[in-house]
>>> print(open('my_file_21.cif').read())   # mmCIF, C-alpha atoms and all ligand atoms
data_run
#
loop_
_atom_site.label_atom_id
_atom_site.label_comp_id
_atom_site.auth_asym_id
_atom_site.auth_seq_id
_atom_site.Cartn_x
_atom_site.Cartn_y
_atom_site.Cartn_z
CA MET A 377 -3.35 28.60 8.95
CA ALA A 378 -5.53 27.40 11.84
CA GLN A 379 -4.22 24.50 13.89
CA LEU A 380 -6.03 21.24 13.00
CA GLU A 381 -7.77 19.62 15.94
CA GLN A 382 -9.73 16.38 16.26
CA PRO A 383 -13.39 16.81 17.43
CA ALA A 384 -13.67 16.12 21.17
CA THR A 385 -16.03 13.16 20.63
CA THR A 386 -17.76 11.56 17.67
CA ASN A 387 -21.06 12.58 19.35
CA ALA A 388 -20.42 16.04 17.92
CA CYS A 389 -21.24 14.64 14.47
CA ALA A 390 -24.21 12.59 15.76
CA ALA A 391 -25.64 15.68 17.46
CA ALA A 392 -25.41 17.66 14.24
CA LYS A 393 -27.28 14.90 12.36
CA ALA A 394 -30.08 14.74 14.99
CA THR A 395 -31.05 18.42 14.61
CA SER A 396 -33.98 18.61 12.17
CA THR A 397 -33.13 22.05 10.74
CA ALA A 398 -29.51 23.01 10.35
CA GLU A 399 -29.05 26.57 11.55
CA VAL A 400 -27.13 28.99 9.36
CA ASP A 401 -24.01 30.52 10.84
CA GLU A 402 -24.44 34.21 9.93
CA LEU A 403 -20.75 34.84 10.50
CA GLU A 404 -19.70 32.22 7.93
CA ARG A 405 -17.42 33.83 5.33
CA PRO A 406 -17.25 32.34 1.83
CA ASP A 407 -13.44 32.47 1.85
CA SER A 408 -13.00 30.82 5.25
CA ILE A 409 -12.08 27.39 3.97
CA TYR A 410 -9.35 26.97 6.56
CA ASP A 411 -11.33 28.08 9.62
CA ASP A 412 -11.48 26.08 12.82
CA GLU A 413 -14.90 24.50 12.25
CA LEU A 414 -14.09 22.91 8.91
CA SER A 415 -10.64 21.99 10.11
CA SER A 416 -12.06 20.07 13.04
CA TYR A 417 -14.06 17.83 10.70
CA VAL A 418 -11.15 17.29 8.36
CA SER A 419 -8.88 16.55 11.28
CA SER A 420 -10.17 13.05 11.95
CA VAL A 421 -8.37 11.87 8.82
CA LEU A 422 -5.48 14.34 8.95
CA ASP A 423 -4.51 13.70 12.56
CA TRP A 424 -1.92 11.02 12.99
CA GLU A 425 -1.28 8.35 15.54
CA TRP A 426 2.24 8.47 16.99
CA LYS A 427 3.74 5.36 18.57
CA HIS A 428 7.17 3.76 18.95
CA GLY A 429 8.61 7.06 17.66
CA ARG A 430 6.90 6.76 14.25
CA ARG A 431 3.75 8.25 12.68
CA TYR A 432 0.75 6.07 11.72
CA HIS A 433 -2.62 6.63 10.03
CA SER A 434 -5.57 7.78 12.15
CA TYR A 435 -8.54 6.89 9.92
CA GLN A 436 -9.41 3.28 10.93
CA ALA A 437 -6.46 3.59 13.32
CA GLY A 438 -4.57 0.39 14.00
CA SER A 439 -5.80 -1.52 10.95
CA TYR A 440 -2.56 -1.02 9.00
CA SER A 441 0.56 -1.89 10.98
CA PHE A 442 3.17 0.23 9.19
CA PRO A 443 4.03 3.94 9.46
CA ASN A 444 3.15 6.71 7.00
CA ASP A 445 5.83 9.28 7.89
CA GLU A 446 8.41 10.88 5.62
CA HIS A 447 10.94 8.11 6.20
CA GLU A 448 8.39 5.50 5.10
CA GLN A 449 7.38 7.63 2.12
CA ASN A 450 11.00 7.76 0.98
CA ARG A 451 11.13 3.96 1.26
CA LEU A 452 7.96 3.68 -0.85
CA ALA A 453 9.70 5.75 -3.54
CA VAL A 454 12.44 3.08 -3.61
CA VAL A 455 9.79 0.33 -3.76
CA HIS A 456 8.14 2.06 -6.72
CA ARG A 457 11.45 2.01 -8.58
CA ILE A 458 11.91 -1.69 -7.72
CA PHE A 459 8.53 -2.65 -9.23
CA TYR A 460 9.12 -0.42 -12.27
CA ARG A 461 12.49 -2.04 -13.00
CA ALA A 462 11.25 -5.56 -12.20
CA LEU A 463 8.41 -5.17 -14.73
CA GLY A 464 10.90 -4.18 -17.44
CA ASP A 465 10.46 -0.41 -17.02
CA ARG A 466 6.67 -0.56 -17.06
CA LEU A 467 4.07 0.80 -14.65
CA PHE A 468 1.61 -2.00 -15.45
CA VAL A 469 1.34 -5.13 -17.58
CA ALA A 470 -2.42 -5.36 -18.35
CA PRO A 471 -3.20 -5.20 -22.10
CA ILE A 472 -4.85 -1.77 -21.97
CA ASP A 473 -4.37 1.68 -23.47
CA PRO A 474 -4.93 3.87 -20.41
CA ASP A 475 -5.75 7.06 -22.34
CA GLY A 476 -9.41 7.91 -21.85
CA LEU A 477 -9.88 5.29 -19.10
CA ARG A 478 -11.15 5.77 -15.55
CA ILE A 479 -8.50 4.15 -13.34
CA LEU A 480 -8.24 3.33 -9.63
CA ASP A 481 -5.05 2.67 -7.67
CA ILE A 482 -5.86 0.80 -4.46
CA GLY A 483 -3.83 1.77 -1.36
CA THR A 484 -1.87 4.29 -3.37
CA GLY A 485 0.62 5.27 -0.63
CA THR A 486 2.58 8.33 -1.77
CA GLY A 487 0.52 8.49 -4.98
CA ILE A 488 3.58 8.12 -7.17
CA TRP A 489 1.91 5.53 -9.42
CA PRO A 490 -1.19 7.66 -10.25
CA LEU A 491 0.98 10.75 -10.71
CA GLN A 492 3.25 9.02 -13.22
CA MET A 493 0.27 7.43 -14.99
CA GLY A 494 -1.46 10.83 -15.12
CA GLU A 495 1.58 12.40 -16.75
CA LEU A 496 2.00 9.59 -19.29
CA TYR A 497 -1.71 9.38 -20.16
CA PRO A 498 -3.16 12.91 -19.98
CA SER A 499 -6.67 11.87 -21.01
CA ALA A 500 -6.93 9.12 -18.37
CA GLU A 501 -8.81 9.94 -15.14
CA ILE A 502 -6.88 8.45 -12.23
CA VAL A 503 -8.06 8.05 -8.65
CA GLY A 504 -5.82 6.82 -5.84
CA ASN A 505 -7.25 5.86 -2.46
CA ASP A 506 -5.57 5.22 0.87
CA LEU A 507 -6.17 5.23 4.62
CA SER A 508 -3.53 7.98 4.85
CA PRO A 509 -3.87 11.38 3.13
CA ILE A 510 -0.12 11.60 2.50
CA GLN A 511 -0.32 12.35 -1.23
CA PRO A 512 0.59 15.76 -2.70
CA GLN A 513 -2.17 18.40 -2.61
CA TRP A 514 -1.36 20.22 -5.83
CA LEU A 515 -2.23 17.82 -8.62
CA PRO A 516 -2.62 17.59 -12.37
CA SER A 517 -6.29 17.88 -13.35
CA ASN A 518 -6.57 14.16 -14.25
CA VAL A 519 -5.37 12.79 -10.86
CA ARG A 520 -7.33 12.72 -7.57
CA PHE A 521 -6.80 11.15 -4.17
CA LEU A 522 -9.39 9.91 -1.66
CA VAL A 523 -9.20 8.73 1.91
CA ASP A 524 -10.97 5.38 1.86
CA ASP A 525 -10.77 1.94 3.42
CA VAL A 526 -10.91 -0.55 0.54
CA GLU A 527 -12.06 -3.30 2.89
CA LYS A 528 -15.28 -1.34 3.52
CA GLU A 529 -17.97 -0.27 1.05
CA TRP A 530 -16.14 1.96 -1.46
CA VAL A 531 -17.00 5.65 -1.20
CA GLU A 532 -17.11 6.25 -4.96
CA PRO A 533 -19.76 4.07 -6.64
CA GLU A 534 -18.90 5.08 -10.25
CA PRO A 535 -17.27 2.06 -11.95
CA TYR A 536 -13.72 1.98 -13.32
CA ASP A 537 -12.15 0.68 -16.54
CA TYR A 538 -8.99 -0.52 -14.82
CA ILE A 539 -8.11 -1.20 -11.16
CA HIS A 540 -4.47 -1.47 -10.08
CA SER A 541 -3.43 -2.92 -6.72
CA ARG A 542 0.23 -3.22 -5.77
CA TYR A 543 2.13 -4.18 -2.62
CA MET A 544 -0.81 -4.48 -0.20
CA CYS A 545 0.76 -7.40 1.69
CA GLY A 546 0.22 -7.26 5.45
CA ALA A 547 -2.60 -4.74 4.87
CA ILE A 548 -5.61 -6.71 3.66
CA ARG A 549 -7.61 -9.07 5.82
CA HIS A 550 -10.22 -10.36 3.32
CA TRP A 551 -8.45 -10.75 -0.03
CA PRO A 552 -11.23 -12.73 -1.80
CA LYS A 553 -13.72 -10.02 -0.75
CA LEU A 554 -11.41 -7.27 -2.06
CA VAL A 555 -11.05 -9.09 -5.39
CA ARG A 556 -14.85 -9.42 -5.60
CA GLN A 557 -15.22 -5.71 -4.83
CA CYS A 558 -12.85 -4.93 -7.69
CA TYR A 559 -15.04 -7.05 -9.95
CA GLN A 560 -18.19 -5.22 -8.79
CA ASN A 561 -16.57 -1.80 -9.27
CA LEU A 562 -15.33 -2.48 -12.82
CA LYS A 563 -17.24 -1.71 -16.00
CA PRO A 564 -18.01 -4.77 -18.18
CA GLY A 565 -14.80 -5.47 -20.14
CA GLY A 566 -12.69 -3.64 -17.52
CA TRP A 567 -9.31 -4.94 -16.32
CA VAL A 568 -7.78 -5.59 -12.92
CA GLU A 569 -4.11 -6.00 -12.01
CA PHE A 570 -2.70 -7.30 -8.73
CA MET A 571 1.00 -7.32 -7.88
CA GLU A 572 2.25 -9.13 -4.73
CA THR A 573 5.18 -11.26 -3.58
CA ASN A 574 5.44 -14.71 -2.01
CA GLU A 575 5.74 -14.79 1.78
CA THR A 576 9.49 -14.93 2.49
CA PRO A 577 12.66 -14.80 0.40
CA TYR A 578 14.25 -18.06 -0.75
CA SER A 579 17.26 -19.06 -2.86
CA GLU A 580 17.30 -21.02 -6.12
CA ASP A 581 20.71 -22.55 -5.30
CA ASN A 582 20.03 -23.44 -1.63
CA SER A 583 22.61 -20.87 -0.57
CA GLU A 584 20.54 -19.44 2.30
CA THR A 585 21.27 -20.65 5.83
CA ALA A 586 19.16 -20.77 8.98
CA ASP A 587 21.29 -18.08 10.64
CA ASN A 588 20.41 -15.42 8.04
CA HIS A 589 18.73 -12.69 10.08
CA VAL A 590 17.09 -11.09 7.04
CA ILE A 591 15.13 -14.31 6.47
CA LYS A 592 14.62 -14.77 10.24
CA MET A 593 13.13 -11.27 10.57
CA LEU A 594 10.91 -11.68 7.50
CA THR A 595 9.71 -15.12 8.66
CA LEU A 596 8.74 -13.69 12.06
CA LEU A 597 7.08 -10.76 10.31
CA ALA A 598 5.02 -13.22 8.27
CA LYS A 599 4.07 -14.99 11.52
CA ALA A 600 2.88 -11.68 13.04
CA CYS A 601 0.92 -10.79 9.90
CA ASN A 602 -0.72 -14.23 9.88
CA LYS A 603 -1.63 -13.74 13.54
CA ILE A 604 -3.55 -10.56 12.66
CA GLU A 605 -4.93 -12.32 9.55
CA ARG A 606 -3.31 -9.93 7.06
CA PRO A 607 -1.06 -12.24 5.01
CA LEU A 608 2.40 -11.09 4.01
CA GLY A 609 2.65 -13.24 0.89
CA PRO A 610 -0.62 -13.11 -1.05
CA GLY A 611 1.15 -13.37 -4.45
CA PRO A 612 0.74 -17.14 -5.09
CA SER A 613 -2.99 -17.02 -4.14
CA LEU A 614 -3.94 -14.11 -6.44
CA ARG A 615 -4.78 -16.22 -9.49
CA GLY A 616 -7.22 -18.46 -7.58
CA TRP A 617 -8.99 -15.49 -5.98
CA VAL A 618 -9.35 -13.80 -9.37
CA GLU A 619 -10.75 -17.02 -10.92
CA ASP A 620 -13.24 -17.43 -8.04
CA ALA A 621 -14.48 -13.84 -8.48
CA GLY A 622 -15.56 -14.59 -12.07
CA PHE A 623 -12.83 -12.82 -14.02
CA THR A 624 -11.78 -14.11 -17.45
CA ASN A 625 -8.68 -13.72 -19.64
CA ILE A 626 -6.55 -14.31 -16.55
CA SER A 627 -2.81 -14.26 -16.93
CA GLN A 628 -0.02 -14.51 -14.39
CA GLU A 629 3.60 -13.46 -14.76
CA ILE A 630 6.32 -13.92 -12.15
CA PHE A 631 9.21 -11.47 -11.89
CA LYS A 632 12.31 -12.05 -9.77
CA VAL A 633 13.26 -9.50 -7.12
CA PRO A 634 16.64 -10.36 -5.56
CA ILE A 635 17.95 -9.01 -2.27
CA GLY A 636 21.60 -7.99 -2.59
CA THR A 637 23.89 -7.30 -5.51
CA TRP A 638 24.68 -10.99 -6.10
CA PRO A 639 22.98 -11.41 -9.54
CA LYS A 640 25.13 -11.13 -12.65
CA ASP A 641 22.36 -9.59 -14.75
CA ARG A 642 22.64 -5.79 -14.54
CA ARG A 643 18.92 -5.13 -14.09
CA LEU A 644 18.62 -7.76 -11.34
CA LYS A 645 21.77 -6.41 -9.69
CA GLU A 646 20.24 -2.92 -9.58
CA ILE A 647 16.95 -4.29 -8.21
CA GLY A 648 18.92 -6.27 -5.60
CA ALA A 649 20.76 -3.12 -4.51
CA LEU A 650 17.45 -1.24 -4.24
CA MET A 651 15.97 -4.12 -2.20
CA THR A 652 18.93 -3.96 0.19
CA LEU A 653 18.25 -0.24 0.61
CA ASP A 654 14.51 -0.94 1.02
CA ILE A 655 15.08 -3.44 3.85
CA ALA A 656 17.82 -1.40 5.54
CA GLU A 657 15.64 1.72 5.54
CA GLY A 658 12.43 -0.21 6.26
CA VAL A 659 13.38 -2.79 8.89
CA GLU A 660 12.25 -0.60 11.79
CA ALA A 661 8.98 0.28 10.03
CA PHE A 662 8.31 -3.40 9.23
CA THR A 663 8.92 -4.65 12.74
CA LEU A 664 7.86 -2.08 15.39
CA VAL A 665 4.13 -2.79 15.57
CA PRO A 666 4.19 -6.46 14.42
CA PHE A 667 6.99 -7.54 16.80
CA ILE A 668 6.18 -5.39 19.85
CA GLU A 669 2.38 -5.31 19.71
CA VAL A 670 1.60 -8.62 17.99
CA LEU A 671 4.47 -10.96 18.95
CA GLY A 672 5.15 -9.32 22.34
CA TRP A 673 8.86 -8.61 21.83
CA SER A 674 10.71 -6.05 23.95
CA LYS A 675 12.13 -2.96 22.23
CA GLU A 676 15.62 -4.07 23.25
CA ASP A 677 15.34 -7.55 21.72
CA LEU A 678 13.90 -6.04 18.56
CA ALA A 679 16.74 -3.52 18.30
CA ARG A 680 19.25 -6.40 18.63
CA LEU A 681 17.53 -8.42 15.89
CA ASN A 682 17.35 -5.42 13.56
CA GLU A 683 21.05 -4.70 14.07
CA LYS A 684 21.80 -8.27 12.92
CA VAL A 685 19.48 -7.79 9.92
CA LEU A 686 21.55 -4.78 8.87
CA GLN A 687 24.75 -6.84 9.22
CA ASP A 688 23.38 -9.79 7.23
CA LEU A 689 22.14 -7.53 4.44
CA ARG A 690 25.84 -7.15 3.57
CA ARG A 691 26.36 -10.88 3.07
CA THR A 692 27.14 -11.86 -0.50
CA ASP A 693 27.13 -15.64 0.01
CA GLN A 694 23.35 -15.95 0.22
CA HIS A 695 21.49 -15.52 -3.06
CA ILE A 696 18.03 -14.74 -1.79
CA LEU A 697 15.09 -13.39 -3.75
CA TYR A 698 11.35 -12.86 -3.84
CA ASP A 699 8.93 -13.71 -6.62
CA VAL A 700 6.56 -10.91 -7.62
CA HIS A 701 3.31 -12.40 -8.92
CA VAL A 702 1.50 -10.12 -11.35
CA VAL A 703 -2.02 -11.25 -12.17
CA THR A 704 -4.17 -9.44 -14.73
CA ALA A 705 -7.75 -10.33 -15.60
CA GLN A 706 -10.83 -8.98 -17.34
CA LYS A 707 -14.45 -8.64 -16.25
CA PRO A 708 -16.56 -10.29 -18.97
CA ALA A 709 -18.07 -7.71 -21.36
C1 LIG B 1 3.01 -0.91 1.36
S1 LIG B 1 2.07 0.49 0.95
C2 LIG B 1 1.97 0.36 -0.83
C3 LIG B 1 1.66 1.67 -1.50
C4 LIG B 1 1.49 1.59 -3.02
N1 LIG B 1 0.44 0.68 -3.41
C5 LIG B 1 2.77 1.21 -3.71
O1 LIG B 1 2.85 0.17 -4.34
O2 LIG B 1 3.73 2.00 -3.61
C6 LIG B 1 0.44 0.02 1.42
C7 LIG B 1 -0.53 1.21 1.42
O3 LIG B 1 -1.86 0.71 1.57
C8 LIG B 1 -2.56 1.56 2.44
N2 LIG B 1 -3.65 0.76 3.03
C9 LIG B 1 -3.55 -0.25 3.92
N3 LIG B 1 -4.76 -0.77 4.18
C10 LIG B 1 -5.65 -0.07 3.43
C11 LIG B 1 -7.06 -0.11 3.29
N4 LIG B 1 -7.80 -1.00 3.97
N5 LIG B 1 -7.65 0.76 2.44
C12 LIG B 1 -6.91 1.68 1.77
N6 LIG B 1 -5.57 1.77 1.86
C13 LIG B 1 -4.95 0.92 2.69
C14 LIG B 1 -1.53 2.01 3.44
O4 LIG B 1 -1.93 3.20 4.09
C15 LIG B 1 -0.30 2.18 2.56
O5 LIG B 1 -0.19 3.49 2.06
#
>>> encode(input="my_file_21.cif", output="structure tokens")
Amino acid sequence: MAQLEQPATTNACAAAKATSTAEVDELERPDSIYDDELSSYVSSVLDWEWKHGRRYHSYQAGSYSFPNDEHEQNRLAVVHRIFYRALGDRLFVAPIDPDGLRILDIGTGTGIWPLQMGELYPSAEIVGNDLSPIQPQWLPSNVRFLVDDVEKEWVEPEPYDYIHSRYMCGAIRHWPKLVRQCYQNLKPGGWVEFMETNETPYSEDNSETADNHVIKMLTLLAKACNKIERPLGPGPSLRGWVEDAGFTNISQEIFKVPIGTWPKDRRLKEIGALMTLDIAEGVEAFTLVPFIEVLGWSKEDLARLNEKVLQDLRRTDQHILYDVHVVTAQKPA
């Protein structure tokens, strides 16, 4: 297959637009879907940005601070399992029957949510969008993926019956606008579901101490995300934003997500173990851009902090957890 290359300048596209009559390339072959010309146009979204030894998205480069490489994708698989278990082995909580519905998953990541929904509900049509085209290419006929920036005008104007948005903390700058866009892009009677945590972990028994580097790192991460105006803990604000957008039948549920194996309850213990794995595998991904580029830390200081995070993840005396806020709501019919 031809090597993908980014066009030399964006003027290449502008020049093509300015020509009044588009000339036909007589040498164009109908089966040449992978030739260099097409590849060069596709490349602007398929090229990656590499920095700090990790791979990042190139479409709207720099707007999302976390990597999209295989290591991060493996972490997102763990995160998917955490949400699934936290919700009581459910992919969603909205009171819908997805079969026959047109569904959107905002910022789909690896696409695992649409793929599982597509398998469970064969007559649903499911679209997942993301800045990064990291989803599988060979898909069931009822699942599709798009490269799109949900903070801009959405590329597909056809309305949906149900919009699902999960774990977009640190990604979204204008949450109220995004919630309004969901409203505008739903059919009358359609449902929306948002799933986000509070900002930093806490304990219910005051067992956490100021020297816990997991909390220290996550507090500094929240500071960096606030500095770039992409909040890390939108969960508690979701309900208000949904109310302001005009949704009705709003309901909010809060699910506990512990960090560590300290809970007695077997499900929470499993979630806590998965969260430990998530943070251990994700700490570098969470911190590289926010700490070095936003807070101005040196690589060496960051490496020292992250080492302490890994050590403190093993502590069993601190019973820390997040709340996951799940808000569902309906557009009036
Ligand atoms: C933390 S991941 C969550 C992925 C998925 N929602 C899940 O729950 O597994 C956030 C995803 O949102 C995507 N993203 C960030 N900003 C976005 C934007 N403005 N438009 C579309 N996708 C975006 C990122 O590329 C990333 O894949």
>>> closest_residue(input="my_file_21.cif", among="A:Tyr440, A:Tyr698, A:Trp551, A:Tyr578", to="ligand LIG 1 (chain B)", atoms="all atoms listed in the file")
A:Tyr440
>>> atom_distance(input="my_file_21.cif", atom1="atom CA of Ala600 of chain A", atom2="atom CA of Ala649 of chain A")
26.5 Å
>>> closest_residue(input="my_file_21.cif", among="A:Thr484, A:Ser583, A:Ser508, A:Ser499", to="Asn444 of chain A", atoms="only C-alpha atoms")
A:Ser508
>>> residues_near_point(input="my_file_21.cif", point="(19.6, -8.5, -6.0)", cutoff="7 Å", atoms="all atoms listed in the file", output="count of residues only")
14
>>> closest_residue(input="my_file_21.cif", among="A:Phe521, A:Tyr543, A:Trp424, A:Tyr460", to="ligand LIG 1 (chain B)", atoms="only C-alpha atoms and all ligand atoms")
A:Tyr543
>>> atom_distance(input="my_file_21.cif", atom1="atom CA of Val469 of chain A", atom2="atom CA of Leu452 of chain A")
20.0 Å
>>> atom_distance(input="my_file_21.cif", atom1="atom N5 of ligand LIG 1 (chain B)", atom2="atom CA of Ser674 of chain A")
29.1 Å
>>> residues_near_ligand(input="my_file_21.cif", ligand="ligand LIG 1 (chain B)", cutoff="6 Å", atoms="all atoms listed in the file", output="ChimeraX atom specification")
/A:440,452,456,483-485,505-508,524-527,542-544,547
